[in-house]
Each structure stands twice: as C-alpha cells, then as structure tokens.
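A quick write-up on the structure given underneath.
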Amino acid sequence: MDLLEYQAKELFRQAGIPVLPSQRIDHCKDLKGLKIPYPIVLKSQVYAGGRGKAGGIKFVENTIDAVAVAQAIFNLPIMGQYPEVLLAEAKYDAERELYLAVVLDGSSRRPLLLGSQQGGTDVELTIQQIQQVVVDQEFSPFYARRLALNMGLRGELIQSVAAIVEKMYCLFVQKDLDLVEINPLAVSLTGNLMALDGKITANDDALGRHADLAALRAQMPLRTRTRSAFSNLNLVELEGNIGVLCNGAGLTLATIDLIHKAGGKSAGFVNLGRECCYNLPSTQFQEHIESGLERIAQARGLKVILVNILGSVVSCLQVAKAIVSYLQRQPYNHRVPLLVLRLAGSDFEPAKAQLAAIDVPVFDALDEAITQAVALGKSRLV
Amino acid sequence: MSVCAADRTQLELQIEMMSFTSDSKVLIQGITESLGLIYASRMIDYGTQLVAGVSPGHGGQEVHGVPVFDMVEQAIASVSEIHTTVILVQPYLVLDAALESIAAGIRQLILLTEGVPPLDMVHLSRKAEATETLVVGPNSPGIIVPGQLLLGTHPPEFYCPGAVGLISRCGTLTYEVALELTRAGFGQSISVGIGGDRMIGSSLQQWLQILDEDEQTEVIVLVGEIGGDSEEAAAQYIAEAIDKPVIAYIAGRTVLKDSAITHAGAVIASQVADLSTDIGTAESKIAAFKQAKVLVAERPSQIPDLVKKALQATAKKGN
C-alpha cells in the first residue's frame, strides 16, 4: 500500500526525520487559515510520480495566488489521478539534493540501503550512481555510515546523513514497510538536512499488525486502493471474449498465454488463489468457485468461460458440483456464457459424466480445452 | 544478482545434509488447523513418515494416529528424531514456529503459509543462514519426491518417479507441468515449489545447485513467471555453474506488466522510480535464458519434447 506524501511525512515526523512545517489542504478555503508564512509550495497529493513535471507542484507568494493555484492543482489529473488533498509546505533553500531509500532485496533476503548525491527529480537518469549497502546482520549504525561514505559524502555530512538513514531503517522495520524513500533530502548551505519529499510503501501482508496503517487504507478512496489482482476474487478485465477462472497466479498467466497463442483473446480473469489461502477452509471451496464464476461472468464482451482448476484438496467432483449448482441458479432464459472445463485428477471420469449430463464440455488436457474455448470464442452461435 | 561466496559454502553444506527420502521423519506445525488436518492425511497416505504434529494447546491429542505436542522440543524428545518440519500456521505465527524448530535442532523447514510479512523472512533468513538451515517458501506448495515422500500440497496423482528435477516459483502451474511430464512418460526425481513471494527462504539458484548434484536428476525443468528478477539471476547462474541440461518455461507473456497480476514478486526495480523497468517482463526472462543456452518451452505441453531432446543430447555426449 502506497502512502501519500503528507501521510509519509507524518510518519517521518514521528520517527524524528526533519520535515518542513506543512498543512493539509482539503479545500481552497483552507488556505485562508494558513499558519505557515509565505512563500509556500503547494503539492498535489496523488500516488503517481513525476508530479513536479506534470505541474502538480507550484510555489506561491500570497493568498490570492495560492487559492488560484490550488484550484488549478485540484483540477489537474496526474497520470489519471485527481488529488483529494493538497499539501501546503514552507519553502526551503537547498544547496544540494540527495537521494536516500530503504528497500527489500529478494536476492540477498535483506533490507538494502540506497543512496546517491544526485537526488531530485532526475534520479532515474543517475540510477547507475546509486550506492547500495546490504544490511546483512542485525542493523547497527555503521551500515548507514558505510552508505554515506560510499555516496562520497565527507566530513560532518557522514554522521548527519547516516543518522537520517538510521531513522529511516527503524521506521522501515517498525512499520513493516516495503519502501521508505526520501528524494530529495535537501542539504542547506549550513549543512542542515530536510526531507523535502518522501515515499512510503507499506507491506500489504503486514497491515493486519499495524492498526495505524490499516486505518489509512480505510480512508483511501476505493479506486486508488492498491489491491493485488489475486485477492478477494478480483476481476481483472482484458480485451477479448474468453473469461478465465483459474486457481493460482502462475497457472492463470499460463492459461491466458495459451489462449492468445491459439489465436484467441482473454476477456479477463479471476484467480481463486491457491488452496493454501489461509482463510479458506477447503469445505468452502465449492462456494468459492461459484462466486468466482459470478465474478468472471461480469467481464465485458464475454462469450466463453474457461475454467482451469488444479489441485489436491479440491476434487474434480467438487468443481463439477459447483458448475452444476451455478448453472442451476441462473434464471430461466437468462443468457449464460458457454463453459469449457479443464480438470485433472483421480475422479475426472465421474466429474465428466456429471458435466456431460448438462452439456458442459470437459477436458483433461489443457491444450484441448484451450482449442475448444478459442473455437467457441470465434463461433457466431453465441 | 549473483550468488555470493558465503551462499555457495552454505549451499554445499545443505546438499550434504539434505535428506528428502522415504526415511525422512517429518513434523507438521499447525497440524490441528483445517489445512493441517487435510495435508497430514495426504502426506501419511503417500507414505511420508509423519511422526509428530505440533499445535500449542493441543498436546496429548492425536491426528490421524499422529501424536500432537504443544512444543517442537517435546515432539523431538518423544520421537527422538525429526528431519523436516512442514509449517502451516497463520502468517504472523510462521516466524516464531520456524525459530522454534531451528532452536530444537530441525534443519529443513517447509513453509506453506501464504502472507508472511517480508521482514519476518529477513529475520528468519539471518537465523537460517547462521544455523545452516534450509528454508523452502513461504507461500510454497512444498516438496514431493515421487514414490518416496510428500511435504506439502502437490497432488501426488500428477507425479511418478523418474529423472526430471522440477523447480518452480509457482503453485498450481507446477502441478500442470508435472502432469504433462507424467503423461508423456517422464517421471520426476523431485518437485519443489520455492514460493511465490519476494522474500523466500531458498532461491532458484540454490535448488539448481542441489539438483545439479542430485544423482537421481538427469535434467532440470525450471518454471517461472513474470515479476521479480529471480529467473534472470537463475539464468546467469545456470550459465556459470550448472552442468545438467535445464529447460525453462515462463508464464505471463501476454499480460501487460503494469496490470498488477504477479505474486508479491517485485524487486527494487519496480519500487524505486523507473529503475531499469525491463527486468521482470517475460521478454527479459526469456532473453536471459536464451543467452544462457537454456531451452525455453512455448507452452507446458512442449516441455516433455524438450526434455526428450535434452536427454538425447546428453546421451550422445555420454557415448
């Protein structure tokens, strides 16, 4: 889950990372009660990057300008997102801008400290110059000093930047984050440091043990909530006419690949998840399949549903029962999409017999099921 | 992306001690949970020597004739030896369960649970490396050694004993590939799902090396999917260090990378703005495998053909 800048900065403040005085602006009229002296900067609070270049960050000198600019920013979509909130922040004179981040690295199975002296909006251009330090064992501040030194910092900045990195790391661990980024970290002429912009990504799996972060998620507008396509029977729509109902991410992807390879196009997919979804007792798998069918049936342009379910806990018969029950529940004369089933396992034959009774074709070879689904997708009979 | 020296020595140790045979004594942590009950019976049916279960508060009970203990140390004291534990407890309890088993001296951990927070895996990895413990998962279907033992959720009827070593980042897609192999007459020496999460206990490289050394394995099939950089790293490792033929299959060629349809799998690349955005796509992975001279299957049903080809080529070399 990504946090907005003002939410990230609130966590920075709690962690002792220096941030500028700022105020959340929900409506233009909030600017009249501004407690920060001008000049200020107004910043669009959207999840997308590149806000500055898109015109979502503007400096203003007085209230009249501020209201006009705020109105413009509220109406400016950035990568399709409109801000619900702006952040008004004091202006800061930076002499240099650094880049700092803490992330997780799958290869080393460790957190990674990242840093560069080339911070700011063009950080992507200088990605080669980003220094990395793997936090191999239990964290100790020397890892942060190593990063500062590798970044080419010298003198007092080694200690002061390392102190910020240490606070970032503590926040990272304490809140189960996927990412803490400060870009830029401004260095003033006198050597003071200030986090001018920040990004935090919380780990979705860990939200259950961080009530404060989970509360932020609850406040988010629905459309911007980051959700895995593979949770809660999400329907992901694509442009085609064959809907895919599958269990497991890899198998879903492979099934869609095969449809496209065979000349068909997928209308979208619903992934039922693997059997080890902790919350789902296997006894409820039949209901789960039926809910999945209802979701995939909602895909636009759908003609055919290809069901491909493999596993050891859910049997072919259970899947067949779910299909029968789903079809029986459809209102009379209601146009239902054509179904093609792919099942495999020890009770394939009895499942096939049950499905034959209701004219649902079932295959135990995936390629054959794909061929059939693609042929039905192209037929004009539907 | 490369395997560091410390990793290598640890790998060698793991290979020596790795014991996944019909003689292995197995524990399930979380045996009284609903999934624990199901998989315990499946593992027993397959002939796995499930000697104990652990579920705090359920000590003294029995599940399918297997004694249940409150703690791992009690289980070991009672049954004298446990080689591997299969962990099926709730996500936030996985770290503790794993540390409990390591403390009790178990050195092979299979984590089936989905949704373990990554920082818990960082903690566990530090401990596992210090104690030379092999960790598979989390969010893994576990391991099956066809004809010998089942440690996880693989459907046994899709497998038969043979010489193909199967390593996968996926769950059900692994079963699909196993089924294609079995139907084409190619049995498997082992099948391991390393887990779909970004932070997992053992990598594709580690398993490539284990199977490269394994006497039963003649050819390795690697199943991957879009997201993350583990296939790219594995390809590089194959070119450098693997002698046996490797065949790869990657799922996710047709789906746009931005449509958020991978597992949690992601690297720094996708987290830090615009950092080398190519990594993680199917194109990037397939190119990496081709560069490493790994045969890449177009579809699961093509894998047996490529296995046949690879075995014939090896046989020729042998003559």
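Each chain in the structure tokens gets a letter, A, B and so on, in the order shown; residues start at 1 in every chain, and ligands are counted from 1 in the order they appear.
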
DSSP on the backbone, helix (DSSP H, G or I) only: what residues of stretch 73-170 of chain B does that give? Format it as a CSV table (one decimal) with C-alpha atoms, in the first residue's frame.
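In the end it all went to out16.csv:
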chain,number,residue,atom,x,y,z
B,73,GLU,CA,11.1,-29.7,21.7
B,74,GLN,CA,8.6,-32.1,23.3
B,75,ALA,CA,8.0,-33.7,20.0
B,76,ILE,CA,11.7,-34.3,19.4
B,77,ALA,CA,12.1,-35.6,23.0
B,78,SER,CA,9.3,-38.1,22.4
B,79,VAL,CA,10.1,-39.3,18.8
B,91,PRO,CA,1.0,-15.9,8.6
B,92,TYR,CA,2.1,-13.9,11.7
B,93,LEU,CA,3.0,-17.0,13.6
B,94,VAL,CA,5.2,-18.5,10.9
B,95,LEU,CA,8.4,-16.8,12.1
B,96,ASP,CA,8.0,-18.0,15.6
B,97,ALA,CA,7.2,-21.5,14.5
B,98,ALA,CA,10.3,-21.6,12.3
B,99,LEU,CA,12.5,-20.2,15.0
B,100,GLU,CA,11.1,-22.8,17.5
B,101,SER,CA,12.0,-25.6,15.1
B,102,ILE,CA,15.5,-24.2,14.4
B,103,ALA,CA,16.1,-23.9,18.2
B,118,PRO,CA,8.7,-10.0,4.3
B,119,LEU,CA,10.6,-8.6,7.3
B,120,ASP,CA,9.8,-11.8,9.2
B,121,MET,CA,11.5,-13.6,6.4
B,122,VAL,CA,14.6,-11.3,6.7
B,123,HIS,CA,14.7,-12.3,10.4
B,124,LEU,CA,14.3,-16.0,9.6
B,125,SER,CA,16.9,-15.9,6.8
B,126,ARG,CA,19.5,-14.4,9.1
B,127,LYS,CA,18.9,-17.2,11.6
B,128,ALA,CA,18.7,-19.9,8.9
B,129,GLU,CA,22.0,-18.9,7.4
B,130,ALA,CA,23.7,-18.8,10.7
B,156,PRO,CA,0.5,-37.0,-5.8
B,157,GLU,CA,-1.5,-38.5,-8.7
B,158,PHE,CA,0.1,-36.0,-11.1

Worksheet item: Can you list, as a PyMOL selection string, every protein, DNA or RNA residue that comes within 8 Å of A:Glu290 when you count only C-alpha atoms, leaving out same-chain residues fewer than 4 positions away?
Response: chain A and resi 286+294+322-323+325-326

Practice prompt. For chain A, work out the contacting residues on chain B at 6 Å, counting only C-alpha atoms, and write them as a PyMOL selection string.
Written response: chain B and resi 115+117+122+155+170+172-173+198-199+251-252+254+261+274

Can I get the selection written as a compact mmCIF listing (two decimals), in the first residue's frame, with N, CA and C atoms?
# COMPACT_ATOMS: atom_id res chain seq x y z
N GLY B 115 1.27 -15.18 2.82
CA GLY B 115 1.05 -13.92 3.50
C GLY B 115 1.96 -13.65 4.68
N PRO B 117 4.78 -11.69 6.40
CA PRO B 117 5.41 -10.38 6.14
C PRO B 117 6.90 -10.54 5.80
N VAL B 122 13.20 -11.82 6.56
CA VAL B 122 14.56 -11.31 6.74
C VAL B 122 15.13 -11.87 8.05
N PRO B 155 -0.38 -32.48 -5.71
CA PRO B 155 -1.29 -33.63 -5.89
C PRO B 155 -0.48 -34.85 -6.34
N CYS B 170 6.01 -21.27 -8.85
CA CYS B 170 4.55 -21.26 -8.87
C CYS B 170 3.98 -22.40 -8.03
N THR B 172 0.08 -24.09 -8.54
CA THR B 172 -0.68 -24.99 -9.40
C THR B 172 -0.05 -25.17 -10.78
N LEU B 173 0.70 -24.17 -11.26
CA LEU B 173 1.36 -24.33 -12.56
C LEU B 173 2.42 -25.43 -12.48
N ARG B 198 8.24 -12.46 -2.63
CA ARG B 198 9.50 -11.80 -2.94
C ARG B 198 10.60 -12.26 -1.98
N MET B 199 10.24 -12.45 -0.72
CA MET B 199 11.23 -12.88 0.27
C MET B 199 11.02 -14.36 0.55
N ALA B 251 5.57 -18.14 -17.44
CA ALA B 251 4.17 -17.75 -17.61
C ALA B 251 4.04 -16.23 -17.54
N GLY B 252 3.15 -15.70 -18.37
CA GLY B 252 2.87 -14.26 -18.31
C GLY B 252 3.37 -13.49 -19.51
N THR B 254 1.67 -12.73 -22.27
CA THR B 254 0.71 -11.87 -22.96
C THR B 254 0.17 -10.75 -22.11
N ILE B 261 -0.56 -8.29 -11.87
CA ILE B 261 -1.10 -9.63 -11.76
C ILE B 261 -0.06 -10.65 -11.34
N ASP B 274 11.29 4.14 -11.71
CA ASP B 274 11.87 4.00 -13.04
C ASP B 274 13.23 3.34 -13.10

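The nearest approach to A:Cys316 among the residues A:Tyr6, A:Phe348, A:Phe285, A:Phe59, with only C-alpha atoms taken into account, belongs to A:Phe348.
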
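The space separating atom CA of A:Gln372 from atom CA of A:Ile242 comes to 11.0 Å.
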
Item to complete: Please identify all polymer residues within 8 Å of B:Ala288, counting only C-alpha atoms, omitting same-chain residues fewer than 3 positions from it, and present them as a PyMOL selection string.
Response: chain B and resi 231-232+235-236+284-285+291-292

Fill in: Those in stretch 101-286 of chain A with strand (DSSP E) from DSSP, as a PyMOL selection string
chain A and resi 101-105+110-116+131-134+177-187+193-195+198-202+235-237+242-246+266-271

Output N, CA and C atoms of each residue in that selection to a file, as a short mmCIF file (atom, residue, chain, number, x, y, z; two decimals), in the first residue's frame.
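again06.cif, freshly written:
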data_model
loop_
_atom_site.label_atom_id
_atom_site.label_comp_id
_atom_site.auth_asym_id
_atom_site.auth_seq_id
_atom_site.Cartn_x
_atom_site.Cartn_y
_atom_site.Cartn_z
N ALA A 101 17.09 5.79 0.33
CA ALA A 101 15.96 4.85 0.39
C ALA A 101 16.35 3.59 1.16
N VAL A 102 15.34 2.95 1.72
CA VAL A 102 15.50 1.62 2.30
C VAL A 102 14.48 0.73 1.59
N VAL A 103 14.94 -0.39 1.04
CA VAL A 103 14.04 -1.31 0.33
C VAL A 103 14.37 -2.74 0.75
N LEU A 104 13.56 -3.67 0.25
CA LEU A 104 13.85 -5.08 0.49
C LEU A 104 14.47 -5.67 -0.76
N ASP A 105 15.46 -6.49 -0.59
CA ASP A 105 16.10 -7.13 -1.73
C ASP A 105 15.89 -8.64 -1.65
N ARG A 110 17.53 -9.48 2.30
CA ARG A 110 17.90 -8.50 3.29
C ARG A 110 17.36 -7.13 2.90
N PRO A 111 17.25 -6.23 3.89
CA PRO A 111 16.98 -4.84 3.53
C PRO A 111 18.23 -4.25 2.87
N LEU A 112 17.97 -3.29 2.03
CA LEU A 112 19.04 -2.66 1.27
C LEU A 112 18.95 -1.16 1.52
N LEU A 113 20.10 -0.52 1.83
CA LEU A 113 20.13 0.93 1.95
C LEU A 113 20.60 1.48 0.61
N LEU A 114 19.91 2.48 0.10
CA LEU A 114 20.28 3.07 -1.18
C LEU A 114 20.56 4.55 -0.97
N GLY A 115 21.55 5.08 -1.69
CA GLY A 115 21.83 6.50 -1.56
C GLY A 115 22.61 7.03 -2.74
N SER A 116 22.36 8.33 -3.03
CA SER A 116 23.09 8.97 -4.11
C SER A 116 23.18 10.46 -3.83
N GLN A 131 24.26 4.14 -4.70
CA GLN A 131 25.06 3.20 -3.91
C GLN A 131 24.13 2.26 -3.14
N GLN A 132 24.58 1.02 -2.94
CA GLN A 132 23.77 0.04 -2.22
C GLN A 132 24.57 -0.54 -1.07
N VAL A 133 23.92 -0.67 0.07
CA VAL A 133 24.54 -1.37 1.20
C VAL A 133 23.54 -2.40 1.71
N VAL A 134 23.95 -3.65 1.72
CA VAL A 134 23.09 -4.72 2.21
C VAL A 134 23.19 -4.77 3.74
N LEU A 177 7.58 -1.99 6.42
CA LEU A 177 7.42 -1.30 5.14
C LEU A 177 8.14 -2.04 4.01
N ASP A 178 7.68 -1.78 2.79
CA ASP A 178 8.38 -2.29 1.61
C ASP A 178 9.38 -1.26 1.10
N LEU A 179 9.07 -0.01 1.36
CA LEU A 179 9.91 1.07 0.84
C LEU A 179 9.80 2.31 1.71
N VAL A 180 10.96 2.91 2.03
CA VAL A 180 11.00 4.27 2.58
C VAL A 180 11.96 5.02 1.69
N GLU A 181 11.50 6.11 1.11
CA GLU A 181 12.37 6.86 0.21
C GLU A 181 12.30 8.34 0.57
N ILE A 182 13.46 8.99 0.61
CA ILE A 182 13.49 10.45 0.73
C ILE A 182 14.17 10.97 -0.52
N ASN A 183 13.44 11.73 -1.30
CA ASN A 183 14.01 12.28 -2.51
C ASN A 183 13.27 13.54 -2.90
N PRO A 184 13.88 14.69 -2.69
CA PRO A 184 15.25 14.82 -2.24
C PRO A 184 15.36 15.03 -0.73
N LEU A 185 16.54 14.69 -0.22
CA LEU A 185 16.94 15.14 1.11
C LEU A 185 17.78 16.37 0.85
N ALA A 186 17.24 17.54 1.27
CA ALA A 186 17.95 18.79 0.97
C ALA A 186 19.07 19.03 1.97
N VAL A 187 20.18 19.51 1.48
CA VAL A 187 21.28 19.95 2.33
C VAL A 187 21.38 21.46 2.16
N LEU A 193 19.81 19.35 7.24
CA LEU A 193 19.15 18.40 6.36
C LEU A 193 17.65 18.51 6.48
N MET A 194 16.95 18.30 5.37
CA MET A 194 15.50 18.38 5.37
C MET A 194 14.92 17.44 4.33
N ALA A 195 13.96 16.59 4.75
CA ALA A 195 13.29 15.69 3.80
C ALA A 195 12.22 16.48 3.06
N GLY A 198 8.86 12.57 0.19
CA GLY A 198 9.06 11.22 0.70
C GLY A 198 8.04 10.26 0.16
N LYS A 199 8.44 9.02 0.12
CA LYS A 199 7.52 7.99 -0.36
C LYS A 199 7.62 6.79 0.58
N ILE A 200 6.46 6.28 0.96
CA ILE A 200 6.44 5.09 1.82
C ILE A 200 5.48 4.08 1.21
N THR A 201 5.92 2.85 1.11
CA THR A 201 5.04 1.75 0.71
C THR A 201 4.96 0.78 1.87
N ALA A 202 3.74 0.57 2.37
CA ALA A 202 3.58 -0.37 3.47
C ALA A 202 3.34 -1.76 2.89
N LEU A 235 -11.91 -9.26 -10.31
CA LEU A 235 -12.00 -9.49 -11.75
C LEU A 235 -11.04 -8.53 -12.42
N VAL A 236 -10.10 -9.05 -13.19
CA VAL A 236 -9.22 -8.20 -13.98
C VAL A 236 -9.67 -8.33 -15.42
N GLU A 237 -10.08 -7.21 -16.01
CA GLU A 237 -10.63 -7.28 -17.36
C GLU A 237 -9.55 -7.03 -18.40
N ILE A 242 -12.90 -14.45 -24.00
CA ILE A 242 -12.81 -15.68 -23.20
C ILE A 242 -12.41 -15.32 -21.76
N GLY A 243 -13.31 -15.58 -20.84
CA GLY A 243 -13.01 -15.33 -19.44
C GLY A 243 -12.31 -16.54 -18.85
N VAL A 244 -11.34 -16.29 -17.97
CA VAL A 244 -10.57 -17.39 -17.38
C VAL A 244 -10.83 -17.43 -15.88
N LEU A 245 -11.24 -18.60 -15.40
CA LEU A 245 -11.36 -18.82 -13.96
C LEU A 245 -10.37 -19.91 -13.59
N CYS A 246 -9.44 -19.55 -12.74
CA CYS A 246 -8.30 -20.42 -12.53
C CYS A 246 -7.90 -20.36 -11.06
N SER A 266 -8.34 -13.15 -24.28
CA SER A 266 -8.98 -13.29 -22.99
C SER A 266 -9.75 -12.03 -22.63
N ALA A 267 -10.97 -12.21 -22.12
CA ALA A 267 -11.79 -11.08 -21.68
C ALA A 267 -11.43 -10.65 -20.27
N GLY A 268 -10.59 -11.47 -19.62
CA GLY A 268 -10.22 -11.15 -18.26
C GLY A 268 -10.11 -12.42 -17.45
N PHE A 269 -9.78 -12.25 -16.19
CA PHE A 269 -9.61 -13.45 -15.37
C PHE A 269 -9.99 -13.20 -13.92
N VAL A 270 -10.31 -14.30 -13.26
CA VAL A 270 -10.48 -14.30 -11.81
C VAL A 270 -9.62 -15.43 -11.29
N ASN A 271 -8.77 -15.11 -10.35
CA ASN A 271 -7.93 -16.14 -9.76
C ASN A 271 -8.49 -16.53 -8.40
#

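Using only C-alpha atoms, the smallest distance between any of B:Ile247, B:Leu204, B:Leu149, B:Ala315 and B:Val221 comes from B:Ile247.
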
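Comparing A:Ile358, A:Ala90, A:Met79, A:Leu3 by their smallest distance to A:Pro39, the closest is A:Ala90 (using only C-alpha atoms).
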